[in-house]
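Have a look at protein33.cif below; it lists mmCIF, C-alpha atoms.
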data_coords
#
loop_
_atom_site.label_atom_id
_atom_site.label_comp_id
_atom_site.auth_asym_id
_atom_site.auth_seq_id
_atom_site.Cartn_x
_atom_site.Cartn_y
_atom_site.Cartn_z
CA MET A 1 -7.40 -8.30 -21.05
CA LYS A 2 -8.70 -5.66 -23.45
CA LYS A 3 -11.74 -5.03 -21.25
CA PHE A 4 -9.50 -4.74 -18.19
CA ILE A 5 -7.35 -2.10 -19.94
CA GLU A 6 -10.51 -0.23 -20.94
CA SER A 7 -11.69 -0.33 -17.33
CA ILE A 8 -8.36 1.13 -16.17
CA SER A 9 -8.68 3.94 -18.71
CA ASN A 10 -12.24 4.59 -17.54
CA VAL A 11 -10.94 5.22 -14.02
CA TRP A 12 -9.33 8.47 -15.20
CA LYS A 13 -12.54 9.61 -16.87
CA ILE A 14 -14.24 9.91 -13.46
CA GLU A 15 -12.90 13.12 -11.93
CA GLU A 16 -13.82 12.29 -8.33
CA LEU A 17 -12.29 8.80 -8.50
CA LYS A 18 -9.13 10.14 -10.16
CA ASN A 19 -8.68 12.76 -7.44
CA ARG A 20 -9.21 10.18 -4.70
CA ILE A 21 -6.59 7.86 -6.21
CA LEU A 22 -4.07 10.70 -6.55
CA ILE A 23 -4.68 11.80 -2.94
CA THR A 24 -4.21 8.21 -1.77
CA LEU A 25 -0.95 7.82 -3.69
CA GLY A 26 0.33 11.17 -2.41
CA LEU A 27 -0.36 10.37 1.25
CA LEU A 28 1.17 6.90 0.89
CA LEU A 29 4.27 8.53 -0.59
CA VAL A 30 4.50 10.83 2.44
CA TYR A 31 4.31 7.80 4.74
CA ARG A 32 7.03 5.96 2.83
CA PHE A 33 9.23 9.05 2.89
CA GLY A 34 8.84 9.39 6.67
CA ALA A 35 9.79 5.72 7.12
CA GLN A 36 13.26 6.58 5.77
CA VAL A 37 13.92 9.44 8.23
CA THR A 38 16.13 8.27 11.11
CA LEU A 39 15.53 9.49 14.66
CA PRO A 40 17.58 12.61 15.48
CA GLY A 41 20.63 11.74 17.53
CA ILE A 42 21.36 8.38 15.87
CA ASP A 43 24.14 7.79 13.36
CA ALA A 44 22.34 6.23 10.40
CA THR A 45 25.54 4.58 9.18
CA GLN A 46 25.74 2.35 12.26
CA LEU A 47 22.35 0.61 12.09
CA GLY A 48 23.81 -2.68 10.83
CA ASN A 49 23.23 -4.52 14.11
CA LEU A 50 19.60 -3.41 14.21
CA ALA A 51 19.08 -4.53 10.60
CA GLY A 52 20.63 -7.89 11.48
CA GLN A 53 18.22 -8.26 14.41
CA THR A 54 15.24 -7.93 12.05
CA LYS A 55 16.36 -10.36 9.37
CA GLU A 56 14.91 -13.41 11.14
CA GLY A 57 12.42 -14.31 13.83
CA ILE A 58 9.92 -11.96 15.47
CA GLY A 59 11.94 -8.90 14.51
CA SER A 60 11.31 -9.59 10.82
CA ILE A 61 7.54 -9.45 11.41
CA LEU A 62 7.77 -6.11 13.21
CA ASP A 63 10.01 -4.72 10.49
CA MET A 64 7.67 -5.99 7.77
CA PHE A 65 4.59 -4.29 9.22
CA THR A 66 6.45 -0.98 9.48
CA GLY A 67 7.87 -1.22 5.98
CA GLY A 68 11.48 -1.33 7.16
CA ALA A 69 11.08 1.64 9.52
CA PHE A 70 11.75 -0.56 12.57
CA SER A 71 15.20 -1.61 11.33
CA GLN A 72 16.11 1.95 10.32
CA ALA A 73 15.27 3.54 13.72
CA SER A 74 12.85 5.76 11.82
CA VAL A 75 10.45 8.35 13.17
CA PHE A 76 7.77 5.84 12.06
CA ALA A 77 9.56 2.91 13.75
CA LEU A 78 6.42 1.89 15.66
CA GLY A 79 4.30 2.34 12.55
CA ILE A 80 0.55 2.05 12.79
CA MET A 81 0.62 -1.05 14.99
CA PRO A 82 -0.18 0.81 18.28
CA TYR A 83 -3.39 2.01 16.63
CA ILE A 84 -4.22 -1.54 15.55
CA SER A 85 -3.61 -2.78 19.11
CA ALA A 86 -5.81 -0.03 20.54
CA SER A 87 -8.59 -0.85 18.06
CA ILE A 88 -8.49 -4.51 19.06
CA VAL A 89 -8.60 -3.64 22.78
CA VAL A 90 -11.55 -1.28 22.33
CA GLN A 91 -13.40 -3.85 20.21
CA LEU A 92 -12.93 -6.56 22.83
CA MET A 93 -13.88 -4.21 25.68
CA GLY A 94 -17.08 -3.45 23.80
CA ILE A 95 -18.27 -6.95 24.74
CA ALA A 96 -18.00 -6.40 28.50
CA VAL A 97 -18.15 -2.62 29.08
CA PRO A 98 -21.75 -1.28 29.05
CA TYR A 99 -20.63 2.25 28.13
CA LEU A 100 -18.91 1.04 24.97
CA GLN A 101 -21.90 -1.17 24.15
CA LYS A 102 -24.12 1.90 24.33
CA LEU A 103 -21.77 3.85 22.07
CA GLN A 104 -21.82 1.03 19.52
CA SER A 105 -25.60 1.29 19.30
CA ASP A 106 -25.64 5.14 19.06
CA GLY A 107 -24.86 5.24 15.36
CA GLU A 108 -22.54 7.88 13.91
CA SER A 109 -22.15 9.89 17.14
CA GLY A 110 -21.21 6.75 19.06
CA ARG A 111 -18.71 5.76 16.37
CA LYS A 112 -16.98 9.14 16.64
CA LYS A 113 -16.64 8.76 20.40
CA ILE A 114 -15.25 5.24 20.03
CA ASN A 115 -12.72 6.56 17.50
CA GLN A 116 -11.68 9.24 19.97
CA ILE A 117 -11.22 6.66 22.73
CA THR A 118 -9.15 4.55 20.33
CA ARG A 119 -6.91 7.53 19.54
CA TRP A 120 -6.23 8.27 23.20
CA LEU A 121 -5.52 4.61 23.88
CA THR A 122 -3.13 4.61 20.91
CA ILE A 123 -1.16 7.42 22.55
CA GLY A 124 -1.03 5.46 25.81
CA ILE A 125 0.21 2.30 24.09
CA THR A 126 2.83 4.27 22.15
CA LEU A 127 4.09 5.88 25.37
CA VAL A 128 4.75 2.35 26.65
CA GLN A 129 6.22 0.95 23.44
CA GLY A 130 8.39 4.01 22.75
CA PRO A 131 10.78 3.62 25.73
CA THR A 132 10.87 -0.14 25.06
CA TYR A 133 12.04 0.49 21.51
CA ILE A 134 14.70 2.96 22.70
CA TYR A 135 15.91 0.42 25.27
CA ASN A 136 16.23 -2.11 22.45
CA LEU A 137 18.37 0.41 20.56
CA TYR A 138 20.61 0.76 23.62
CA ARG A 139 21.09 -3.00 23.70
CA THR A 140 21.60 -3.43 19.96
CA LEU A 141 23.57 -0.44 18.64
CA PRO A 142 27.14 0.49 19.59
CA SER A 143 27.53 3.38 22.02
CA ASN A 144 29.09 5.66 19.42
CA ALA A 145 25.91 5.41 17.33
CA PHE A 146 24.20 7.78 19.79
CA LEU A 147 25.32 11.31 18.90
CA LEU A 148 23.80 12.85 22.03
CA GLY A 149 25.52 10.36 24.30
CA PHE A 150 24.76 6.79 25.37
CA ASN A 151 21.81 6.53 27.83
CA SER A 152 21.24 10.26 27.47
CA PHE A 153 17.98 11.51 28.97
CA GLU A 154 17.72 14.17 26.26
CA PHE A 155 17.82 11.48 23.58
CA LEU A 156 15.34 9.23 25.41
CA PHE A 157 12.82 12.02 26.02
CA SER A 158 13.02 13.54 22.54
CA SER A 159 12.91 10.15 20.81
CA VAL A 160 9.83 8.98 22.71
CA ILE A 161 8.04 12.22 21.84
CA ILE A 162 9.02 11.81 18.17
CA LEU A 163 7.89 8.16 18.09
CA VAL A 164 4.52 9.09 19.62
CA THR A 165 4.15 11.93 17.13
CA GLY A 166 5.11 9.64 14.26
CA THR A 167 2.44 7.11 15.19
CA ILE A 168 -0.18 9.85 15.57
CA PHE A 169 0.80 11.30 12.19
CA ALA A 170 0.60 7.86 10.57
CA MET A 171 -2.83 7.39 12.16
CA TRP A 172 -3.91 10.79 10.76
CA LEU A 173 -2.65 9.82 7.30
CA GLY A 174 -4.68 6.61 7.44
CA GLU A 175 -7.85 8.43 8.44
CA LYS A 176 -7.36 11.02 5.71
CA ILE A 177 -6.92 8.29 3.10
CA THR A 178 -10.18 6.71 4.29
CA ASP A 179 -12.05 10.05 4.15
CA LYS A 180 -10.51 11.72 1.09
CA GLY A 181 -8.92 8.82 -0.79
CA ILE A 182 -9.87 5.31 -1.83
CA GLY A 183 -9.84 2.19 0.35
CA ASN A 184 -9.24 1.74 4.06
CA GLY A 185 -6.35 4.05 4.95
CA ILE A 186 -4.95 2.13 7.93
CA SER A 187 -4.97 -1.13 6.01
CA LEU A 188 -3.33 0.51 3.00
CA LEU A 189 -0.49 1.84 5.17
CA ILE A 190 0.18 -1.68 6.44
CA MET A 191 -0.05 -3.18 2.94
CA VAL A 192 2.36 -0.62 1.48
CA GLY A 193 4.82 -1.33 4.28
CA ILE A 194 4.64 -5.05 3.53
CA LEU A 195 4.98 -4.54 -0.23
CA ALA A 196 8.06 -2.37 0.35
CA ARG A 197 9.93 -5.49 1.51
CA LEU A 198 8.84 -7.64 -1.44
CA PRO A 199 11.42 -6.52 -4.06
CA GLN A 200 14.37 -6.94 -1.69
CA ALA A 201 13.16 -10.38 -0.58
CA PHE A 202 12.74 -11.54 -4.18
CA ILE A 203 16.16 -10.22 -5.20
CA GLN A 204 17.78 -12.12 -2.33
CA GLU A 205 15.99 -15.31 -3.38
CA PHE A 206 16.93 -14.75 -7.03
CA THR A 207 20.57 -14.24 -6.07
CA THR A 208 20.58 -17.39 -3.98
CA ARG A 209 18.95 -19.55 -6.65
CA VAL A 210 20.55 -18.25 -9.83
CA THR A 211 23.79 -16.46 -9.00
CA ASN A 212 24.88 -18.91 -6.31
CA ASN A 213 23.61 -21.86 -8.37
CA ASN A 214 21.39 -23.15 -5.54
CA GLY A 215 18.61 -24.82 -7.50
CA GLY A 216 18.83 -22.70 -10.63
CA PRO A 217 16.14 -20.70 -12.49
CA MET A 218 13.80 -23.69 -12.77
CA LEU A 219 13.35 -23.94 -9.01
CA LEU A 220 12.77 -20.18 -8.86
CA VAL A 221 10.01 -20.52 -11.47
CA ILE A 222 8.43 -23.32 -9.42
CA GLU A 223 8.51 -21.07 -6.33
CA ILE A 224 6.75 -18.29 -8.23
CA ILE A 225 4.06 -20.71 -9.44
CA VAL A 226 3.51 -21.96 -5.88
CA TRP A 227 3.36 -18.36 -4.66
CA LEU A 228 0.67 -17.49 -7.23
CA LEU A 229 -1.33 -20.58 -6.25
CA VAL A 230 -1.18 -19.54 -2.58
CA ILE A 231 -2.41 -16.07 -3.55
CA ILE A 232 -5.35 -17.66 -5.40
CA CYS A 233 -6.16 -19.71 -2.30
CA CYS A 234 -6.08 -16.54 -0.18
CA VAL A 235 -8.45 -14.82 -2.60
CA LEU A 236 -10.85 -17.76 -2.34
CA LEU A 237 -10.62 -17.67 1.46
CA VAL A 238 -11.32 -13.94 1.61
CA MET A 239 -14.23 -13.95 -0.85
CA ALA A 240 -15.89 -17.31 -0.09
CA VAL A 241 -19.41 -16.97 1.35
CA ARG A 242 -22.28 -19.26 2.22
CA LYS A 243 -25.51 -17.76 0.90
CA ILE A 244 -28.53 -18.23 3.16
CA PRO A 245 -31.76 -17.70 1.16
CA VAL A 246 -34.19 -15.17 2.62
CA GLN A 247 -37.80 -14.63 1.58
CA TYR A 248 -39.51 -11.23 2.00
CA ALA A 249 -43.31 -11.21 1.85
CA ARG A 250 -44.81 -8.54 -0.39
CA ARG A 251 -48.30 -7.64 0.72
CA THR A 252 -51.09 -7.43 -1.84
CA THR A 253 -54.46 -5.73 -1.67
CA SER A 254 -56.24 -9.08 -1.54
CA GLY A 255 -54.53 -10.03 1.70
CA ASP A 256 -54.11 -13.58 0.42
CA PHE A 257 -51.15 -15.15 2.32
CA GLU A 258 -50.33 -17.59 -0.48
CA GLN A 259 -50.32 -14.78 -2.99
CA ASP A 260 -48.00 -12.84 -0.66
CA MET A 261 -45.54 -15.72 -0.71
CA LEU A 262 -45.67 -16.00 -4.50
CA ASN A 263 -44.98 -12.29 -4.92
CA GLY A 264 -42.22 -12.25 -2.32
CA ASN A 265 -38.69 -11.10 -3.11
CA ARG A 266 -35.86 -13.63 -2.70
CA GLN A 267 -32.56 -12.35 -1.31
CA TRP A 268 -29.54 -13.78 0.45
CA ILE A 269 -27.63 -13.45 3.70
CA PRO A 270 -23.93 -13.87 2.84
CA LEU A 271 -22.05 -15.60 5.68
CA LYS A 272 -18.32 -15.38 5.06
CA LEU A 273 -16.20 -18.49 5.32
CA ASN A 274 -13.57 -16.41 7.13
CA ALA A 275 -15.66 -13.80 8.92
CA SER A 276 -12.86 -12.93 11.35
CA GLY A 277 -10.39 -11.91 8.65
CA VAL A 278 -6.78 -11.66 9.75
CA MET A 279 -7.55 -10.93 13.40
CA PRO A 280 -7.06 -14.53 14.67
CA ILE A 281 -3.53 -14.52 13.26
CA ILE A 282 -2.78 -11.19 14.95
CA PHE A 283 -4.16 -12.46 18.28
CA ALA A 284 -2.22 -15.71 18.00
CA GLN A 285 0.96 -13.86 17.01
CA ALA A 286 0.66 -11.65 20.11
CA ILE A 287 0.21 -14.70 22.35
CA MET A 288 3.28 -16.37 20.83
CA PHE A 289 5.47 -13.59 22.27
CA ILE A 290 4.52 -14.54 25.84
CA PRO A 291 6.14 -18.01 26.32
CA ALA A 292 9.56 -16.85 25.17
CA ALA A 293 9.31 -13.65 27.23
CA LEU A 294 8.36 -15.52 30.43
CA ALA A 295 10.93 -18.27 29.88
CA GLY A 296 13.57 -15.63 29.27
CA LEU A 297 13.25 -14.49 32.89
CA SER A 298 14.76 -17.80 34.01
CA LYS A 299 18.25 -19.11 33.22
CA SER A 300 17.46 -22.82 33.57
CA ASP A 301 18.07 -25.24 30.71
CA ALA A 302 14.36 -25.98 30.36
CA SER A 303 13.56 -22.28 30.08
CA GLN A 304 16.24 -21.76 27.47
CA SER A 305 14.84 -24.64 25.40
CA VAL A 306 11.41 -22.99 25.55
CA VAL A 307 12.96 -19.70 24.43
CA GLY A 308 14.64 -21.49 21.52
CA ALA A 309 11.46 -23.31 20.48
CA PHE A 310 9.22 -20.23 20.56
CA SER A 311 11.77 -17.88 19.02
CA ASN A 312 12.08 -19.96 15.86
CA MET A 313 9.16 -18.94 13.66
CA PHE A 314 9.88 -21.80 11.28
CA GLY A 315 10.15 -24.51 13.92
CA PHE A 316 7.67 -27.38 14.40
CA TRP A 317 6.46 -26.62 17.94
CA TYR A 318 6.09 -22.91 17.27
CA ASN A 319 3.87 -23.51 14.25
CA LEU A 320 1.87 -26.30 15.90
CA VAL A 321 0.93 -24.02 18.81
CA PHE A 322 0.46 -21.10 16.41
CA ALA A 323 -1.99 -23.05 14.20
CA THR A 324 -3.94 -24.29 17.24
CA LEU A 325 -4.32 -20.75 18.59
CA ILE A 326 -5.51 -19.52 15.19
CA VAL A 327 -8.29 -22.13 15.10
CA VAL A 328 -9.36 -21.24 18.66
CA PHE A 329 -9.28 -17.47 18.06
CA THR A 330 -11.16 -17.83 14.77
CA PHE A 331 -14.14 -19.34 16.61
CA PHE A 332 -13.80 -16.79 19.43
CA TYR A 333 -13.59 -13.72 17.18
CA THR A 334 -16.33 -14.93 14.86
CA ALA A 335 -18.63 -15.44 17.85
CA ILE A 336 -18.17 -11.85 19.03
CA THR A 337 -18.25 -10.14 15.63
CA VAL A 338 -21.10 -12.01 13.90
CA PRO A 339 -24.25 -11.16 15.92
CA THR A 340 -26.64 -13.90 14.83
CA ASN A 341 -29.24 -12.75 17.38
CA LYS A 342 -29.24 -9.23 15.95
CA MET A 343 -29.39 -10.59 12.40
CA SER A 344 -32.42 -12.65 13.34
CA ASP A 345 -34.17 -9.69 14.99
CA ASP A 346 -33.47 -7.38 12.05
CA LEU A 347 -34.75 -10.03 9.65
CA LYS A 348 -37.95 -10.43 11.64
CA ARG A 349 -38.58 -6.68 11.84
CA SER A 350 -38.13 -6.29 8.08
CA GLY A 351 -40.66 -9.04 7.36
CA GLY A 352 -38.12 -11.54 6.13
CA PHE A 353 -37.62 -15.19 6.99
CA ILE A 354 -35.48 -18.14 6.00
CA PRO A 355 -37.63 -20.72 4.14
CA GLY A 356 -38.41 -23.64 6.44
CA ILE A 357 -37.14 -21.83 9.57
CA ARG A 358 -39.39 -19.96 12.00
CA PRO A 359 -38.51 -16.31 12.68
CA GLY A 360 -36.98 -15.48 16.05
CA VAL A 361 -35.02 -17.93 18.16
CA GLU A 362 -35.04 -20.74 15.59
CA THR A 363 -33.58 -18.40 12.94
CA SER A 364 -30.86 -17.29 15.35
CA ASP A 365 -30.00 -20.90 16.23
CA TYR A 366 -29.94 -21.86 12.55
CA LEU A 367 -27.60 -19.00 11.62
CA ASP A 368 -25.36 -19.84 14.56
CA LYS A 369 -25.23 -23.50 13.51
CA VAL A 370 -24.38 -22.66 9.90
CA MET A 371 -21.76 -20.15 11.05
CA SER A 372 -20.10 -22.79 13.22
CA LEU A 373 -20.11 -25.35 10.40
CA ILE A 374 -18.42 -23.04 7.91
CA THR A 375 -16.05 -21.50 10.48
CA PHE A 376 -14.35 -24.82 11.22
CA PRO A 377 -13.01 -25.46 7.68
CA GLY A 378 -12.34 -21.73 7.35
CA SER A 379 -10.22 -21.75 10.51
CA LEU A 380 -8.26 -24.79 9.32
CA PHE A 381 -7.64 -23.14 5.96
CA LEU A 382 -6.56 -19.92 7.69
CA ALA A 383 -4.20 -21.83 9.99
CA LEU A 384 -2.70 -23.68 7.01
CA ILE A 385 -1.99 -20.42 5.19
CA ALA A 386 -0.54 -18.92 8.37
CA VAL A 387 2.02 -21.72 8.82
CA PHE A 388 2.70 -22.22 5.11
CA PRO A 389 5.89 -20.10 5.21
CA ALA A 390 7.41 -22.67 7.59
CA ILE A 391 6.26 -25.49 5.28
CA ILE A 392 7.79 -23.88 2.19
CA VAL A 393 11.08 -23.28 4.04
CA SER A 394 11.34 -26.90 5.13
CA ILE A 395 10.35 -28.33 1.71
CA MET A 396 12.09 -26.01 -0.75
CA ASP A 397 14.73 -24.30 1.42
CA VAL A 398 13.40 -20.84 0.56
CA GLN A 399 15.01 -17.72 2.04
CA GLN A 400 13.09 -16.73 5.18
CA SER A 401 12.50 -13.15 4.00
CA TRP A 402 10.94 -14.46 0.75
CA ALA A 403 9.03 -17.23 2.57
CA MET A 404 7.14 -14.61 4.62
CA PHE A 405 5.21 -13.73 1.44
CA PHE A 406 3.98 -17.31 0.99
CA GLY A 407 1.35 -16.96 3.69
CA GLY A 408 0.80 -15.67 7.18
CA THR A 409 -0.50 -12.27 8.14
CA SER A 410 1.31 -10.40 5.40
CA LEU A 411 -0.20 -12.23 2.43
CA ILE A 412 -3.75 -12.27 3.80
CA ILE A 413 -3.54 -8.53 4.55
CA MET A 414 -2.28 -7.78 1.05
CA VAL A 415 -5.00 -9.88 -0.60
CA GLY A 416 -7.78 -8.56 1.63
CA VAL A 417 -6.82 -4.89 1.22
CA ALA A 418 -6.32 -5.26 -2.54
CA ILE A 419 -9.77 -6.83 -2.95
CA ASP A 420 -11.43 -4.20 -0.76
CA THR A 421 -9.79 -1.34 -2.70
CA MET A 422 -10.71 -2.86 -6.06
CA GLN A 423 -14.31 -3.30 -4.92
CA GLN A 424 -14.52 0.40 -4.05
CA ILE A 425 -13.07 1.38 -7.42
CA ASN A 426 -15.46 -1.11 -9.03
CA SER A 427 -18.46 0.53 -7.37
CA TYR A 428 -17.45 3.94 -8.76
CA LEU A 429 -17.16 2.51 -12.27
CA LEU A 430 -20.48 0.66 -12.14
CA ASN A 431 -22.28 3.70 -10.73
CA ARG A 432 -21.06 5.68 -13.74
CA HIS A 433 -22.18 2.88 -16.08
CA TYR A 434 -18.70 1.63 -16.93
CA ASP A 435 -17.51 -1.96 -16.89
CA GLY A 436 -16.01 -2.81 -13.52
CA LEU A 437 -12.55 -4.12 -12.74
CA MET A 438 -13.64 -7.33 -11.04
CA LYS A 439 -16.51 -8.47 -13.23
CA SER A 440 -16.77 -8.13 -16.99
CA GLY A 441 -20.05 -7.39 -18.58
CA LYS A 442 -21.61 -5.66 -21.56
CA ASN A 443 -20.07 -2.36 -22.53
CA ARG A 444 -21.91 0.56 -21.06
CA LYS A 445 -21.86 4.10 -22.35
CA ALA A 446 -21.09 6.86 -19.89
CA VAL A 447 -24.04 8.92 -18.81
CA ALA A 448 -23.54 12.62 -19.08
#
Take the structure in the file and give it back as structure tokens.
Amino acid sequence: MKKFIESISNVWKIEELKNRILITLGLLLVYRFGAQVTLPGIDATQLGNLAGQTKEGIGSILDMFTGGAFSQASVFALGIMPYISASIVVQLMGIAVPYLQKLQSDGESGRKKINQITRWLTIGITLVQGPTYIYNLYRTLPSNAFLLGFNSFEFLFSSVIILVTGTIFAMWLGEKITDKGIGNGISLLIMVGILARLPQAFIQEFTTRVTNNNGGPMLLVIEIIVWLLVIICCVLLVMAVRKIPVQYARRTTSGDFEQDMLNGNRQWIPLKLNASGVMPIIFAQAIMFIPAALAGLSKSDASQSVVGAFSNMFGFWYNLVFATLIVVFTFFYTAITVPTNKMSDDLKRSGGFIPGIRPGVETSDYLDKVMSLITFPGSLFLALIAVFPAIIVSIMDVQQSWAMFFGGTSLIIMVGVAIDTMQQINSYLLNRHYDGLMKSGKNRKAVA
């Protein structure tokens, strides 16, 4: 603990790192402030129905990712999610569109063009989602909540423009945090929005358990212990890797092959247990919207039962289908994001090889086989964490808002972003010869 406190104090001794942290905190504060600003033309005192819509079900997920902006009809009501959707679309199109494939191989210039395409696509997605959000307000809020008149074109037009601008501004904030601050800006914006709901959810659970005498403090302590254990499991899932040994031949003047092998440098190829990150959960979550939406077009009893089954996030059938989709998408996304063929070619060009495996096709097949073997348990573990909120609700009767932090997309995002940010801070400390945050070692003296 003492070393950790010393590491924290060392952060402020590095001027560049201190400035980056302050810039990050300042921009995050601007984002949180904007999330509290209600759209012009809406009476902020009459948003009770909208808040009630986001307490349970799919609405709670949307509200969580926007940090409560969705339920407050904020200028940031759509949050950064249109940008995330656009990034996913562009990434998937990169598999089939030759132009995007060429840009991906063009280095920094290609990356800038892909980012520009993603920004324009974000605007297009927001222009579609904006009117949909306003239509939802028309259906949810009372008519006197609209100060410019119910179904007013002036309100619709101005609100869509403001929502598009809000998303673009949030996207700009995320990019500035990435460039000038610390950590991945877009991911930090999502994490801060999720964390903003944590205190309220815990207070509601505390009130239910202690004040209302529903289980008492002991059960609340058990819940916190289970929550910490789930966080530890998420950390293990995010950081777990399978190390593939790699041998690099170091040529000598004698030209003796055996001597080359003896003098070779041993390194590793780290293959992540969960190489796809949180993307399979996001894909699966998007697919889960479709059955209820299609069934809602029909008024038959069978359709209504489908709507009921797929609208209950804590129901059995919803989570069974959800877990199955996560396993499928984990294999799919890993296959398109882990280029074993390219890894094999790069290894061969650099003079490296896996001991016992021939360079080229055999290396590629071996890496693909290992990736498939570790992806299967990783996908099952990811699916289990994704549906764990439903499990904890059924076993311990936890409040749904508090249960959302026991797994799913929110917890994995928080853990992944926190680890990534700490690793960046750690690299600054180690480069300046300080002890890092994530790994203790011998005390190092700062170099002038």
Exercise. Which residue out of A:Val97, A:Ile134, A:Leu92, A:Met171 has the minimum interatomic distance to Leu39 in chain A when all atoms listed in the file are used?
Worked result: A:Ile134
Write out as a PDB file with C-alpha atoms, in the coordinates of the input the residues lying within 12 Å of Pro377 in chain A, counting all atoms listed in the file and excluding same-chain residues fewer than 3 positions away.
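Result went into out.pdb, see below:
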ATOM      1  CA  LEU A 237     -10.620 -17.670   1.460  1.00  0.00           C
ATOM      2  CA  ALA A 240     -15.890 -17.310  -0.090  1.00  0.00           C
ATOM      3  CA  LYS A 272     -18.320 -15.380   5.060  1.00  0.00           C
ATOM      4  CA  LEU A 273     -16.200 -18.490   5.320  1.00  0.00           C
ATOM      5  CA  ASN A 274     -13.570 -16.410   7.130  1.00  0.00           C
ATOM      6  CA  VAL A 327      -8.290 -22.130  15.100  1.00  0.00           C
ATOM      7  CA  THR A 330     -11.160 -17.830  14.770  1.00  0.00           C
ATOM      8  CA  PHE A 331     -14.140 -19.340  16.610  1.00  0.00           C
ATOM      9  CA  VAL A 370     -24.380 -22.660   9.900  1.00  0.00           C
ATOM     10  CA  MET A 371     -21.760 -20.150  11.050  1.00  0.00           C
ATOM     11  CA  SER A 372     -20.100 -22.790  13.220  1.00  0.00           C
ATOM     12  CA  LEU A 373     -20.110 -25.350  10.400  1.00  0.00           C
ATOM     13  CA  ILE A 374     -18.420 -23.040   7.910  1.00  0.00           C
ATOM     14  CA  LEU A 380      -8.260 -24.790   9.320  1.00  0.00           C
ATOM     15  CA  PHE A 381      -7.640 -23.140   5.960  1.00  0.00           C
ATOM     16  CA  LEU A 382      -6.560 -19.920   7.690  1.00  0.00           C
ATOM     17  CA  ALA A 383      -4.200 -21.830   9.990  1.00  0.00           C
ATOM     18  CA  LEU A 384      -2.700 -23.680   7.010  1.00  0.00           C
TER      19      LEU A 384
END
Seminar exercise, completed: Closest of A:Met288, A:Ala73, A:Leu325, A:Ala201 to Tyr135 in chain A, counting all atoms listed in the file, is A:Ala73
For this session: Pick out the closest residue to Phe157 in chain A from this set: A:Leu141, A:Leu127, A:Ala335, A:Leu22. Count all atoms listed in the file.
Result: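 For Phe157 in chain A, the nearest of the candidates is A:Leu127.
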For this session: Tell me, in Å to one decimal, how far CA of Leu27 in chain A is from CA of Ile186 in chain A.
Result: 11.6 Å
For this session: Please provide the set of residues having any atom within 10 Å of Thr363 in chain A, restricted to all atoms listed in the file, with same-chain residues fewer than 5 positions apart removed, written as JSON, numbers by chain.
Result: {"A": [340, 341, 343, 344, 345, 347, 348, 353, 354, 355, 356, 357, 358, 368, 369]}
For this session: Apply the PyMOL selection byres ((chain A and resi 406-414) around 9) to the structure shown and report the selected residues as a PyMOL selection string.
Result: chain A and resi 61+64-65+187-188+190-192+194-195+226-228+230-231+234-235+238+277-279+281-282+382-389+392+402-405+415-419
Mind dumping the selected residues with C-alpha atoms as a short mmCIF file (atom, residue, chain, number, x, y, z; two decimals), in the frame of the given file?
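Contents of selection_7.cif, as written:
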data_model
loop_
_atom_site.label_atom_id
_atom_site.label_comp_id
_atom_site.auth_asym_id
_atom_site.auth_seq_id
_atom_site.Cartn_x
_atom_site.Cartn_y
_atom_site.Cartn_z
CA ILE A 61 7.54 -9.45 11.41
CA MET A 64 7.67 -5.99 7.77
CA PHE A 65 4.59 -4.29 9.22
CA SER A 187 -4.97 -1.13 6.01
CA LEU A 188 -3.33 0.51 3.00
CA ILE A 190 0.18 -1.68 6.44
CA MET A 191 -0.05 -3.18 2.94
CA VAL A 192 2.36 -0.62 1.48
CA ILE A 194 4.64 -5.05 3.53
CA LEU A 195 4.98 -4.54 -0.23
CA VAL A 226 3.51 -21.96 -5.88
CA TRP A 227 3.36 -18.36 -4.66
CA LEU A 228 0.67 -17.49 -7.23
CA VAL A 230 -1.18 -19.54 -2.58
CA ILE A 231 -2.41 -16.07 -3.55
CA CYS A 234 -6.08 -16.54 -0.18
CA VAL A 235 -8.45 -14.82 -2.60
CA VAL A 238 -11.32 -13.94 1.61
CA GLY A 277 -10.39 -11.91 8.65
CA VAL A 278 -6.78 -11.66 9.75
CA MET A 279 -7.55 -10.93 13.40
CA ILE A 281 -3.53 -14.52 13.26
CA ILE A 282 -2.78 -11.19 14.95
CA LEU A 382 -6.56 -19.92 7.69
CA ALA A 383 -4.20 -21.83 9.99
CA LEU A 384 -2.70 -23.68 7.01
CA ILE A 385 -1.99 -20.42 5.19
CA ALA A 386 -0.54 -18.92 8.37
CA VAL A 387 2.02 -21.72 8.82
CA PHE A 388 2.70 -22.22 5.11
CA PRO A 389 5.89 -20.10 5.21
CA ILE A 392 7.79 -23.88 2.19
CA TRP A 402 10.94 -14.46 0.75
CA ALA A 403 9.03 -17.23 2.57
CA MET A 404 7.14 -14.61 4.62
CA PHE A 405 5.21 -13.73 1.44
CA VAL A 415 -5.00 -9.88 -0.60
CA GLY A 416 -7.78 -8.56 1.63
CA VAL A 417 -6.82 -4.89 1.22
CA ALA A 418 -6.32 -5.26 -2.54
CA ILE A 419 -9.77 -6.83 -2.95
#
For this session: Check what the PyMOL selection byres ((chain A and resi 156) around 12) selects in the file above and give those residues as a ChimeraX atom specification.
Result: /A:39-42,127,130-138,146,148-155,157-163
